[in-house]
Structure formats: structure tokens, C-alpha cells
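A.B. asks: Have a peek at start-v7.csv (CSV, C-alpha atoms and all ligand atoms).
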chain,number,residue,atom,x,y,z
R,1,MET,CA,6.0,-19.7,-1.6
R,2,SER,CA,8.9,-17.3,-0.6
R,3,ASN,CA,7.9,-13.9,0.6
R,4,LYS,CA,11.1,-12.3,-0.7
R,5,ILE,CA,11.0,-9.2,-2.9
R,6,LEU,CA,13.9,-8.4,-5.2
R,7,VAL,CA,14.4,-4.8,-6.3
R,8,ILE,CA,16.8,-4.4,-9.2
R,9,GLY,CA,18.2,-0.9,-9.8
R,10,ALA,CA,17.6,-0.1,-6.2
R,11,CYS,CA,20.0,2.8,-6.1
R,12,GLY,CA,18.1,4.8,-8.7
R,13,GLN,CA,15.6,7.6,-8.3
R,14,VAL,CA,12.6,5.2,-8.0
R,15,GLY,CA,14.4,2.3,-6.4
R,16,THR,CA,15.6,4.3,-3.4
R,17,GLU,CA,12.1,5.2,-2.4
R,18,LEU,CA,10.5,2.0,-3.4
R,19,VAL,CA,12.9,-0.1,-1.2
R,20,GLU,CA,12.2,2.2,1.7
R,21,ASN,CA,8.4,1.7,1.3
R,22,LEU,CA,8.7,-2.1,0.7
R,23,GLN,CA,10.9,-2.5,3.8
R,24,ARG,CA,8.3,-0.7,5.9
R,25,ILE,CA,5.4,-2.8,4.5
R,26,HIS,CA,7.1,-6.2,4.4
R,27,GLY,CA,10.0,-5.9,6.8
R,28,PRO,CA,13.6,-5.1,5.9
R,29,SER,CA,14.8,-8.7,5.8
R,30,ASN,CA,12.3,-9.6,3.1
R,31,VAL,CA,13.4,-6.8,0.6
R,32,ILE,CA,16.6,-7.5,-1.3
R,33,ALA,CA,17.9,-4.3,-2.7
R,34,SER,CA,20.3,-4.8,-5.7
R,35,ASP,CA,22.2,-2.6,-8.1
R,36,ILE,CA,25.3,-2.5,-10.2
R,37,ARG,CA,26.5,0.4,-7.9
R,38,LYS,CA,27.1,0.1,-4.2
R,39,PRO,CA,24.5,2.0,-2.2
R,40,LEU,CA,25.2,5.4,-0.7
R,41,GLN,CA,21.8,5.6,1.0
R,42,GLU,CA,21.9,4.3,4.5
R,43,VAL,CA,18.3,3.1,4.1
R,44,PHE,CA,19.6,-0.2,2.6
R,45,SER,CA,21.7,-0.9,5.6
R,46,ASN,CA,18.4,-2.2,7.3
R,47,GLY,CA,18.1,-5.1,4.9
R,48,PRO,CA,20.1,-7.2,2.4
R,49,PHE,CA,21.9,-5.6,-0.5
R,50,GLU,CA,23.5,-7.5,-3.4
R,51,GLN,CA,25.6,-6.1,-6.3
R,52,LEU,CA,23.8,-7.2,-9.5
R,53,ASP,CA,24.7,-6.6,-13.1
R,54,VAL,CA,21.7,-7.3,-15.3
R,55,LEU,CA,23.9,-8.1,-18.2
R,56,ASN,CA,25.7,-10.9,-16.2
R,57,LYS,CA,23.5,-14.0,-16.3
R,58,GLU,CA,25.6,-15.9,-13.7
R,59,ASN,CA,25.3,-13.1,-11.3
R,60,ILE,CA,21.5,-13.0,-11.9
R,61,SER,CA,21.1,-16.8,-11.4
R,62,ALA,CA,23.1,-16.7,-8.2
R,63,ILE,CA,20.9,-14.1,-6.7
R,64,PHE,CA,17.6,-15.7,-7.8
R,65,ILE,CA,18.8,-19.0,-6.4
R,66,LYS,CA,19.9,-17.5,-3.1
R,67,TYR,CA,16.7,-15.6,-2.3
R,68,LYS,CA,14.0,-17.3,-4.4
R,69,PRO,CA,12.0,-14.1,-4.8
R,70,SER,CA,8.3,-14.2,-5.4
R,71,ILE,CA,8.1,-10.7,-6.9
R,72,VAL,CA,10.8,-8.8,-8.8
R,73,TYR,CA,10.8,-5.0,-9.5
R,74,HIS,CA,13.2,-4.6,-12.5
R,75,LEU,CA,14.1,-0.9,-12.5
R,76,ALA,CA,17.6,-0.9,-14.0
R,77,ALA,CA,17.8,1.2,-17.2
R,78,LEU,CA,19.5,4.1,-18.9
R,79,LEU,CA,17.2,7.1,-19.0
R,80,SER,CA,16.5,9.2,-22.1
R,81,ALA,CA,19.4,11.7,-22.0
R,82,THR,CA,22.1,9.2,-21.0
R,83,ALA,CA,20.8,6.7,-23.6
R,84,GLU,CA,21.0,9.4,-26.4
R,85,ALA,CA,24.7,10.0,-25.4
R,86,LYS,CA,25.4,6.2,-25.4
R,87,PRO,CA,22.8,4.7,-27.7
R,88,LYS,CA,24.4,1.2,-28.0
R,89,LEU,CA,24.8,0.9,-24.3
R,90,GLY,CA,21.2,2.2,-23.9
R,91,TRP,CA,19.9,-0.5,-26.2
R,92,LYS,CA,22.0,-3.3,-24.6
R,93,LEU,CA,21.3,-2.4,-21.0
R,94,ASN,CA,17.6,-1.7,-21.5
R,95,MET,CA,16.8,-4.7,-23.8
R,96,ASP,CA,19.3,-7.4,-22.9
R,97,GLY,CA,18.9,-6.5,-19.2
R,98,THR,CA,15.1,-7.0,-19.5
R,99,PHE,CA,15.4,-10.3,-21.4
R,100,ASN,CA,17.8,-11.6,-18.8
R,101,ILE,CA,15.5,-10.7,-15.9
R,102,PHE,CA,12.3,-11.9,-17.6
R,103,ASP,CA,14.0,-15.2,-18.5
R,104,ALA,CA,15.3,-15.6,-15.0
R,105,CYS,CA,11.8,-15.2,-13.7
R,106,LEU,CA,10.6,-18.0,-16.0
R,107,GLU,CA,13.6,-20.2,-15.0
R,108,TYR,CA,13.4,-19.7,-11.3
R,109,ASP,CA,9.6,-19.7,-11.1
R,110,VAL,CA,9.1,-16.0,-10.2
R,111,LYS,CA,5.4,-15.4,-10.8
R,112,LYS,CA,5.2,-11.7,-10.8
R,113,ILE,CA,7.3,-8.8,-12.1
R,114,PHE,CA,7.0,-5.0,-12.2
R,115,TRP,CA,8.6,-3.4,-15.2
R,116,PRO,CA,8.5,0.4,-15.7
R,117,SER,CA,7.7,2.0,-19.0
R,118,SER,CA,7.7,5.7,-19.7
R,119,ILE,CA,6.0,8.6,-21.6
R,120,ALA,CA,9.1,8.2,-23.8
R,121,VAL,CA,7.2,5.4,-25.7
R,122,PHE,CA,5.3,8.3,-27.4
R,123,GLY,CA,6.8,10.3,-30.2
R,124,PRO,CA,6.3,13.4,-32.4
R,125,THR,CA,3.3,11.7,-34.3
R,126,THR,CA,1.5,10.9,-31.0
R,127,PRO,CA,-1.5,13.2,-30.2
R,128,PRO,CA,0.2,15.4,-27.5
R,129,ILE,CA,-2.8,16.5,-25.4
R,130,LEU,CA,-4.5,13.9,-23.2
R,131,THR,CA,-2.6,11.2,-25.0
R,132,PRO,CA,-4.8,8.1,-25.1
R,133,GLN,CA,-3.8,4.7,-23.8
R,134,SER,CA,-3.7,3.1,-27.3
R,135,THR,CA,-2.3,5.5,-29.9
R,136,ILE,CA,0.5,6.1,-32.4
R,137,LEU,CA,3.7,4.9,-30.9
R,138,GLU,CA,6.7,6.1,-33.0
R,139,PRO,CA,9.4,7.1,-30.4
R,140,ASN,CA,12.5,8.7,-31.9
R,141,THR,CA,14.9,8.3,-28.9
R,142,VAL,CA,16.7,5.1,-28.2
R,143,TYR,CA,15.3,5.1,-24.7
R,144,GLY,CA,11.7,5.4,-26.1
R,145,ILE,CA,12.4,2.6,-28.6
R,146,THR,CA,13.6,0.3,-25.8
R,147,LYS,CA,10.6,1.1,-23.7
R,148,LEU,CA,8.2,0.4,-26.5
R,149,ALA,CA,9.9,-2.9,-27.4
R,150,GLY,CA,9.9,-3.8,-23.7
R,151,GLU,CA,6.2,-3.1,-23.4
R,152,ARG,CA,5.6,-5.5,-26.3
R,153,TYR,CA,7.7,-8.1,-24.6
R,154,CYS,CA,5.7,-7.6,-21.3
R,155,GLU,CA,2.5,-8.4,-23.2
R,156,TYR,CA,4.2,-11.3,-25.0
R,157,TYR,CA,5.6,-12.9,-21.9
R,158,ASN,CA,2.3,-12.6,-20.2
R,159,ALA,CA,0.3,-14.1,-23.1
R,160,ARG,CA,2.8,-16.8,-23.9
R,161,TYR,CA,4.3,-17.8,-20.6
R,162,GLY,CA,1.8,-16.6,-18.1
R,163,LEU,CA,4.3,-14.2,-16.4
R,164,ASP,CA,2.2,-11.8,-14.3
R,165,VAL,CA,3.7,-8.6,-15.6
R,166,ARG,CA,2.6,-5.2,-14.2
R,167,SER,CA,3.7,-2.0,-15.8
R,168,ILE,CA,3.1,1.7,-15.9
R,169,ARG,CA,4.3,4.5,-18.1
R,170,TYR,CA,6.0,6.8,-15.7
R,171,PRO,CA,5.9,10.6,-16.4
R,172,GLY,CA,8.8,12.8,-15.1
R,173,LEU,CA,9.3,11.9,-11.5
R,174,ILE,CA,9.9,14.6,-8.8
R,175,GLY,CA,11.1,13.8,-5.3
R,176,TRP,CA,13.4,15.1,-2.6
R,177,LYS,CA,14.8,11.9,-1.2
R,178,SER,CA,16.7,10.8,-4.3
R,179,LEU,CA,18.2,12.4,-7.4
R,180,PRO,CA,17.3,11.5,-10.9
R,181,GLY,CA,20.0,10.2,-13.2
R,182,GLY,CA,20.1,11.2,-16.9
R,183,GLY,CA,16.5,12.0,-17.8
R,184,THR,CA,15.0,14.8,-19.8
R,185,THR,CA,12.6,15.7,-17.0
R,186,ASP,CA,15.5,16.1,-14.4
R,187,TYR,CA,15.2,19.9,-14.6
R,188,ALA,CA,12.0,19.6,-12.5
R,189,VAL,CA,14.1,18.2,-9.6
R,190,ASP,CA,17.2,20.2,-10.0
R,191,ILE,CA,15.3,23.5,-10.1
R,192,PHE,CA,14.3,23.0,-6.4
R,193,HIS,CA,17.9,22.3,-5.3
R,194,GLN,CA,19.2,25.4,-7.1
R,195,ALA,CA,16.3,27.6,-5.9
R,196,LEU,CA,17.3,26.8,-2.3
R,197,LYS,CA,21.0,26.9,-2.9
R,198,ARG,CA,21.4,29.9,-5.3
R,199,GLY,CA,18.0,31.5,-5.7
R,200,SER,CA,18.3,31.0,-9.5
R,201,TYR,CA,18.2,28.3,-12.1
R,202,GLU,CA,19.3,28.0,-15.7
R,203,CYS,CA,16.9,25.6,-17.3
R,204,PHE,CA,17.9,23.2,-20.2
R,205,LEU,CA,14.4,23.2,-21.6
R,206,ASN,CA,12.6,26.3,-22.9
R,207,LYS,CA,9.9,28.0,-20.8
R,208,ASN,CA,6.9,26.6,-22.7
R,209,THR,CA,7.9,22.9,-22.6
R,210,THR,CA,4.9,21.3,-21.0
R,211,LEU,CA,5.5,17.7,-19.9
R,212,PRO,CA,3.6,15.2,-17.7
R,213,MET,CA,5.1,14.9,-14.3
R,214,MET,CA,4.4,13.2,-11.0
R,215,TYR,CA,5.4,13.6,-7.3
R,216,MET,CA,7.4,10.6,-6.2
R,217,GLU,CA,5.1,9.5,-3.4
R,218,ASP,CA,2.3,9.2,-6.0
R,219,ALA,CA,4.6,7.2,-8.3
R,220,VAL,CA,5.7,4.8,-5.6
R,221,ARG,CA,2.1,4.3,-4.5
R,222,ALA,CA,1.1,3.7,-8.2
R,223,THR,CA,3.9,1.1,-8.4
R,224,LEU,CA,2.8,-0.7,-5.2
R,225,GLU,CA,-0.9,-0.5,-6.1
R,226,ILE,CA,-0.7,-1.9,-9.6
R,227,THR,CA,1.6,-4.7,-8.4
R,228,ASP,CA,-0.7,-5.6,-5.5
R,229,SER,CA,-3.9,-5.5,-7.5
R,230,PRO,CA,-5.7,-8.8,-8.1
R,231,SER,CA,-4.5,-10.2,-11.4
R,232,ASP,CA,-7.9,-10.1,-13.1
R,233,LYS,CA,-8.0,-6.3,-12.7
R,234,ILE,CA,-4.9,-5.8,-14.8
R,235,LYS,CA,-6.4,-5.9,-18.2
R,236,ILE,CA,-3.5,-4.2,-20.0
R,237,ARG,CA,-0.3,-6.3,-20.0
R,238,SER,CA,1.9,-3.9,-22.0
R,239,SER,CA,1.9,-0.8,-19.8
R,240,TYR,CA,-0.7,1.6,-18.3
R,241,ASN,CA,-0.8,5.4,-18.9
R,242,ILE,CA,-0.8,7.2,-15.6
R,243,SER,CA,-1.1,10.9,-15.0
R,244,GLY,CA,-0.2,13.2,-12.1
R,245,VAL,CA,0.2,16.8,-13.1
R,246,SER,CA,1.4,18.7,-16.2
R,247,PHE,CA,3.4,22.0,-16.3
R,248,ASN,CA,6.1,23.8,-18.1
R,249,PRO,CA,9.3,25.3,-16.6
R,250,ASP,CA,7.8,28.8,-16.5
R,251,GLU,CA,4.7,27.6,-14.5
R,252,LEU,CA,7.0,25.6,-12.1
R,253,ALA,CA,9.1,28.7,-11.6
R,254,GLU,CA,6.0,30.8,-10.8
R,255,ALA,CA,4.9,28.2,-8.2
R,256,ILE,CA,8.3,28.3,-6.6
R,257,LYS,CA,8.2,32.1,-6.5
R,258,VAL,CA,5.2,31.9,-4.3
R,259,HIS,CA,7.5,30.5,-1.6
R,260,ILE,CA,10.8,32.2,-2.7
R,261,PRO,CA,9.8,35.5,-4.2
R,262,LYS,CA,13.4,36.4,-5.3
R,263,PHE,CA,13.8,33.1,-7.3
R,264,SER,CA,14.7,33.7,-11.0
R,265,ILE,CA,15.0,31.4,-13.9
R,266,THR,CA,16.8,31.7,-17.2
R,267,TYR,CA,16.6,29.4,-20.3
R,268,ASN,CA,19.4,27.8,-22.2
R,269,PRO,CA,17.9,24.8,-24.1
R,270,ASP,CA,20.3,21.9,-25.0
R,271,PHE,CA,19.9,18.6,-26.8
R,272,ARG,CA,17.3,17.5,-24.3
R,273,GLN,CA,14.8,20.1,-25.8
R,274,LYS,CA,14.4,17.9,-28.9
R,275,ILE,CA,13.6,14.9,-26.7
R,276,ALA,CA,11.1,16.8,-24.7
R,277,ASP,CA,9.5,18.2,-27.9
R,278,SER,CA,8.8,14.6,-29.0
R,279,TRP,CA,6.8,13.8,-25.8
R,280,PRO,CA,3.2,14.5,-24.9
R,281,GLN,CA,2.0,17.4,-22.7
R,282,SER,CA,-0.7,15.5,-20.8
R,283,ILE,CA,-1.9,11.9,-20.5
R,284,ASP,CA,-5.3,10.3,-20.5
R,285,ASP,CA,-5.1,7.7,-17.7
R,286,SER,CA,-8.7,6.6,-17.6
R,287,ARG,CA,-7.9,2.9,-18.1
R,288,ALA,CA,-5.7,2.9,-15.0
R,289,ARG,CA,-8.4,4.7,-13.0
R,290,THR,CA,-11.1,2.2,-14.2
R,291,ASP,CA,-9.1,-1.0,-14.0
R,292,TRP,CA,-7.2,-0.7,-10.7
R,293,GLY,CA,-8.4,2.5,-9.2
R,294,TRP,CA,-5.5,4.9,-9.8
R,295,GLN,CA,-5.8,8.4,-8.4
R,296,GLU,CA,-3.1,10.9,-7.9
R,297,ASN,CA,-2.8,13.0,-4.7
R,298,PHE,CA,-0.3,15.7,-5.6
R,299,ASN,CA,-1.1,18.8,-7.7
R,300,LYS,CA,1.5,21.3,-8.7
R,301,GLU,CA,1.1,23.5,-5.6
R,302,ARG,CA,1.2,20.6,-3.1
R,303,LEU,CA,4.2,19.2,-4.9
R,304,VAL,CA,6.1,22.5,-4.8
R,305,LYS,CA,5.4,23.1,-1.2
R,306,THR,CA,6.4,19.5,-0.2
R,307,MET,CA,9.6,19.7,-2.2
R,308,LEU,CA,10.7,23.0,-0.7
R,309,ASP,CA,9.7,22.1,2.9
R,310,ASN,CA,11.6,18.8,2.8
R,311,LEU,CA,14.7,20.0,0.9
R,312,THR,CA,15.1,23.0,3.3
R,313,ASP,CA,16.0,20.5,6.0
R,314,SER,CA,17.7,17.9,3.9
R,315,SER,CA,21.5,17.7,3.2
R,316,LEU,CA,20.7,16.8,-0.4
R,317,SER,CA,20.1,20.5,-1.2
R,318,ARG,CA,23.4,21.5,0.3
R,319,ASN,CA,25.6,19.0,-1.6
Q,401,LIG,N1,12.0,10.8,-16.7
Q,401,LIG,C1,12.4,10.0,-17.8
Q,401,LIG,C2,13.4,10.7,-18.6
Q,401,LIG,O1,13.3,11.9,-18.7
Q,401,LIG,C3,11.2,9.7,-18.6
Q,401,LIG,O2,10.8,8.4,-18.4
Q,401,LIG,O3,14.1,10.1,-19.3
Represent the structure of the file as C-alpha cells.

C.D. replies:
Amino acid sequence: MSNKILVIGACGQVGTELVENLQRIHGPSNVIASDIRKPLQEVFSNGPFEQLDVLNKENISAIFIKYKPSIVYHLAALLSATAEAKPKLGWKLNMDGTFNIFDACLEYDVKKIFWPSSIAVFGPTTPPILTPQSTILEPNTVYGITKLAGERYCEYYNARYGLDVRSIRYPGLIGWKSLPGGGTTDYAVDIFHQALKRGSYECFLNKNTTLPMMYMEDAVRATLEITDSPSDKIKIRSSYNISGVSFNPDELAEAIKVHIPKFSITYNPDFRQKIADSWPQSIDDSRARTDWGWQENFNKERLVKTMLDNLTDSSLSRN
């Protein structure tokens, strides 16, 4: 069997760091980074890059035939805020893109796929504190609806066709190596850049909006760990709850002030407030812990210090 790994959506927030990690583990030539955009990050220059539009079946077939991947990470999607602005495109990209990639896996005999879900599958009727694995799922954003439908398809393709699907419900992801694109939790990355650049931040969510979050290193490790776990440990074939840390903008600002005492924050909520209000505050991830040994490493304080330390030296914060 081929040892090639295909990452689709490699230029995104998760993809950028996932490719870097996979290249280190498996060797750059075995990791095919692909995206509809051309990469800015020089990290991809180590290994192959292919332009890939998940809505173009011929394009997909050509790449699957060329590389014969054994594992696919399908990360291409519109996130919550962008999908609310362009709901039809959000549906098309997130659903048709997923169908096309799942079907290509069946056609070209790819045995294993990682597909990311999100806390956006939950909605205003979901219990918001320590949200259970199995609970009310009535999302009211187009992004959340596509993630919920995608989860059902993950389980269906596993049960019906034996596709070895691995999936986790990502919380808001915070890292310094890559920028998020179009999510409701993006404030928790932007705040660090603005704190270092201007010493102040205007937040698009209100101060009490508590959301589940995770440091990117934990998120990438969770992605690799669930994908590498023995198949019989993966009992849930829709998507696993995973938890890192929960905080609101006020608490994050206070943690930043420990390092930058003059930092100040103001609040000017926009349409993203409604999206955030529909999501849980904290997540019960006991199934992920029991089934495949999930354990986060970063609490709020460690996350904040790591972000500030790294961004201080990084050109990202100065752009
Ligand atoms: N971080 C994502 C968003 O805000 C949630 O999956 O859209």
C-alpha cells in the first residue's frame, strides 16, 4: 500500500500546521499538500503541492490517481462567519466537497479519511455547559448544518462502505503560525496580534461570551492521535467531542494583561455574536478520553504565554 498522505485545504489554519507535522513524521515527499489557493507558506516548498478544487471531480481524480494516497485529511470548508455571508456557497463547498472527496476515497481505494467537525453542530437548544457527546443537535447556522449533515455522512459511509472515517468536533482554534479564516472564534487569535501591535483590541463578541477553545498544538496532536489510533478504539464514527479550555473575551484579556499590563479591550459585537450565542460554553469529552486517550496539554495561561512569546518574534504580528 502507498504511504502517501493527502491534505486537502492545506493552506488553512489547521492545514498549515498539520502539513508541517506530517512532513516531520513521514518525510516531506510523502505528504501532498493541496488547496484551491496557492501556498504562501514556505513550509510547503519542502514537499509536493497541488492545486485542488474539491468541487472539480476531474481535478480530484487526477490527484488521487497520481499519488494513490492511503490517508486523506479533508479540511477544505467555509467557516461559520463566511458561510453566513455566503450561505449557498457554504452549503455547496462543505457538502458537495465532502461528497466528492468521500466518493473519490471509495473509487480509488483510500481506506482512511480524517474529516473535521465543529462545536457548530450544537445549537441554542443544546445543553450549553459540559455539552454531552450525544445530545440535541439543532444548529442554526449554515456552517453548523453542513457539519451536522457531514457527521451523519461520516457514520453512514463507515457503516455502509467500511470507509475508516475519523472525526473530531474542533472548538475555536488558537495558534501563532497561521491565521484563521472566517470563523466566529477568530477574535481569540486576532486579539494577540493587536495586543502586540497596538496594545488594544476591539472585540466583535461581548465580554461574557464563553466558548470552547483549544491551542493549535493540542488540536493537531488530537488530529494525528485519532487518525493513528487502532480502528477498534474508534467507537464513534460520526465525530468526537474534544475539549481544551473555555474562556470569554474578558478572561482572555485579563490573562494577556498579566504580560502586557497596558493592554485594553473594548467591545463592539457584530453579527457573529448571534452565532457565538448559539454555541456551548464547555464540552464533555469523556468519550474521546476513554476511547482513544485524548488529553489536552494547554490551559489558558500556558496558551497565552506561548502565543505572546512566539508572536513577539514572528513577522505575522507585524503584518
Ligand atoms: N472556529 C470555527 C468557527 O468559528 C468553529 O468550528 O467557525

A.B. asks: Just want the residues within 6 Å of ligand LIG 401 (chain Q), written as a ChimeraX atom specification, counting all atoms listed in the file.

C.D. replies: /R:79-80,118-120,170-173,183-185

A.B. asks: Quick one: pull the distance between CA of Ser243 (chain R) and CA of Met213 (chain R), Å, one decimal.

C.D. replies: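 Result for CA of Ser243 (chain R) versus CA of Met213 (chain R): 7.4 Å, one decimal.
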
A.B. asks: Which residue, R:Gln51, R:Asn206, R:Thr227, R:Thr98, has the smallest gap to His74 (chain R) when you use all atoms listed in the file?

C.D. replies: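 Ranking R:Gln51, R:Asn206, R:Thr227, R:Thr98 by distance to His74 (chain R), first place goes to R:Thr98.
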
A.B. asks: Counting all atoms listed in the file, which residue out of R:Ile65, R:Tyr215, R:Lys57, R:Leu137 sits closest to Asn299 (chain R)?

C.D. replies: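 Using all atoms listed in the file, the shortest distance to Asn299 (chain R) belongs to R:Tyr215.
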
A.B. asks: In Å, rounded to a single decimal, give me how far CA of Ile113 (chain R) is from CA of Pro48 (chain R).

C.D. replies: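 Interatomic distance here is 19.4 Å.
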
A.B. asks: Identify which of the residues R:Gly182, R:Gly244, R:Gly150, R:Gly175 lies closest to Ala83 (chain R), counting all atoms listed in the file when measuring atom-to-atom distances.

C.D. replies: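 Under the stated criterion, the closest residue is R:Gly182.
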
A.B. asks: Counting only C-alpha atoms, find residues at most 8 Å from (7.4, 28.8, -22.8) (file frame) and give them as a PyMOL selection string.

C.D. replies: chain R and resi 206-209+248-250

A.B. asks: What does the distance from CA of Leu163 (chain R) to CA of Lys111 (chain R) come to in Å, to one decimal?

C.D. replies: 5.8 Å

A.B. asks: Pick out the closest residue to Pro124 (chain R) from this set: R:Gly293, R:Gly15, R:Pro280, R:Gly199. Count only C-alpha atoms.

C.D. replies: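 Ranked by minimum distance to Pro124 (chain R), first place goes to R:Pro280.
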
A.B. asks: Nearest residue to Asp284 (chain R) out of R:Val245, R:Lys147, R:Asn268, R:Asp164, using all atoms listed in the file?

C.D. replies: R:Val245

A.B. asks: Quick one: residues within 12 Å of Thr82 (chain R), only C-alpha atoms counted, chain neighbours fewer than 6 positions away excluded, as a list in words?

C.D. replies: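 Counting only C-alpha atoms, the residues come to Lys88, Leu89, Gly90, Trp91, Leu93, Asn94, Thr141, Val142, Tyr143, Pro180, Gly181, Gly182, Gly183, Thr184, Asp186, Phe271, Arg272 and Ile275 of chain R.
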
A.B. asks: Residues of the last selection are to be written out with C-alpha atoms, as a compact mmCIF listing (two decimals), in the coordinates of the input.

C.D. replies:
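Produced file selection.txt, reproduced below:
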# COMPACT_ATOMS: atom_id res chain seq x y z
CA LYS R 88 24.40 1.20 -28.00
CA LEU R 89 24.80 0.90 -24.30
CA GLY R 90 21.20 2.20 -23.90
CA TRP R 91 19.90 -0.50 -26.20
CA LEU R 93 21.30 -2.40 -21.00
CA ASN R 94 17.60 -1.70 -21.50
CA THR R 141 14.90 8.30 -28.90
CA VAL R 142 16.70 5.10 -28.20
CA TYR R 143 15.30 5.10 -24.70
CA PRO R 180 17.30 11.50 -10.90
CA GLY R 181 20.00 10.20 -13.20
CA GLY R 182 20.10 11.20 -16.90
CA GLY R 183 16.50 12.00 -17.80
CA THR R 184 15.00 14.80 -19.80
CA ASP R 186 15.50 16.10 -14.40
CA PHE R 271 19.90 18.60 -26.80
CA ARG R 272 17.30 17.50 -24.30
CA ILE R 275 13.60 14.90 -26.70

A.B. asks: Residues within 6 Å of region 254-264 of chain R, please, as a PyMOL selection string. Count all atoms listed in the file; anything in the same chain fewer than 2 positions from it doesn't count.

C.D. replies: chain R and resi 199-200+251-252

A.B. asks: Excluding region 104-106 of chain R and any residue of its chain fewer than 2 positions from it, enumerate the residues within 9 Å of it, using all atoms listed in the file, and give them as a PDB file with C-alpha atoms, keeping the file's coordinate frame.

C.D. replies:
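Output saved as part.pdb:
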ATOM      1  CA  LYS R  57      23.500 -14.000 -16.300  1.00  0.00           C
ATOM      2  CA  ILE R  60      21.500 -13.000 -11.900  1.00  0.00           C
ATOM      3  CA  SER R  61      21.100 -16.800 -11.400  1.00  0.00           C
ATOM      4  CA  PHE R  64      17.600 -15.700  -7.800  1.00  0.00           C
ATOM      5  CA  PRO R  69      12.000 -14.100  -4.800  1.00  0.00           C
ATOM      6  CA  ILE R  71       8.100 -10.700  -6.900  1.00  0.00           C
ATOM      7  CA  VAL R  72      10.800  -8.800  -8.800  1.00  0.00           C
ATOM      8  CA  PHE R  99      15.400 -10.300 -21.400  1.00  0.00           C
ATOM      9  CA  ASN R 100      17.800 -11.600 -18.800  1.00  0.00           C
ATOM     10  CA  ILE R 101      15.500 -10.700 -15.900  1.00  0.00           C
ATOM     11  CA  PHE R 102      12.300 -11.900 -17.600  1.00  0.00           C
ATOM     12  CA  TYR R 108      13.400 -19.700 -11.300  1.00  0.00           C
ATOM     13  CA  ASP R 109       9.600 -19.700 -11.100  1.00  0.00           C
ATOM     14  CA  VAL R 110       9.100 -16.000 -10.200  1.00  0.00           C
ATOM     15  CA  LYS R 111       5.400 -15.400 -10.800  1.00  0.00           C
ATOM     16  CA  LYS R 112       5.200 -11.700 -10.800  1.00  0.00           C
ATOM     17  CA  ILE R 113       7.300  -8.800 -12.100  1.00  0.00           C
ATOM     18  CA  TYR R 161       4.300 -17.800 -20.600  1.00  0.00           C
ATOM     19  CA  LEU R 163       4.300 -14.200 -16.400  1.00  0.00           C
TER      20      LEU R 163
END

A.B. asks: Given the choices R:Asn3, R:Ser239, R:Ser231, R:Ser70, which gets closest to Cys154 (chain R) if the distance is worked out from only C-alpha atoms?

C.D. replies: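 Ranking R:Asn3, R:Ser239, R:Ser231, R:Ser70 by distance to Cys154 (chain R), first place goes to R:Ser239.
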
A.B. asks: List as number ranges by chain the protein and nucleic acid residues near Pro127 (chain R), meaning an atom at most 12 Å away when only C-alpha atoms are counted, but skip any in the same chain fewer than 6 places from it.

C.D. replies: R: 133-138, 278-284
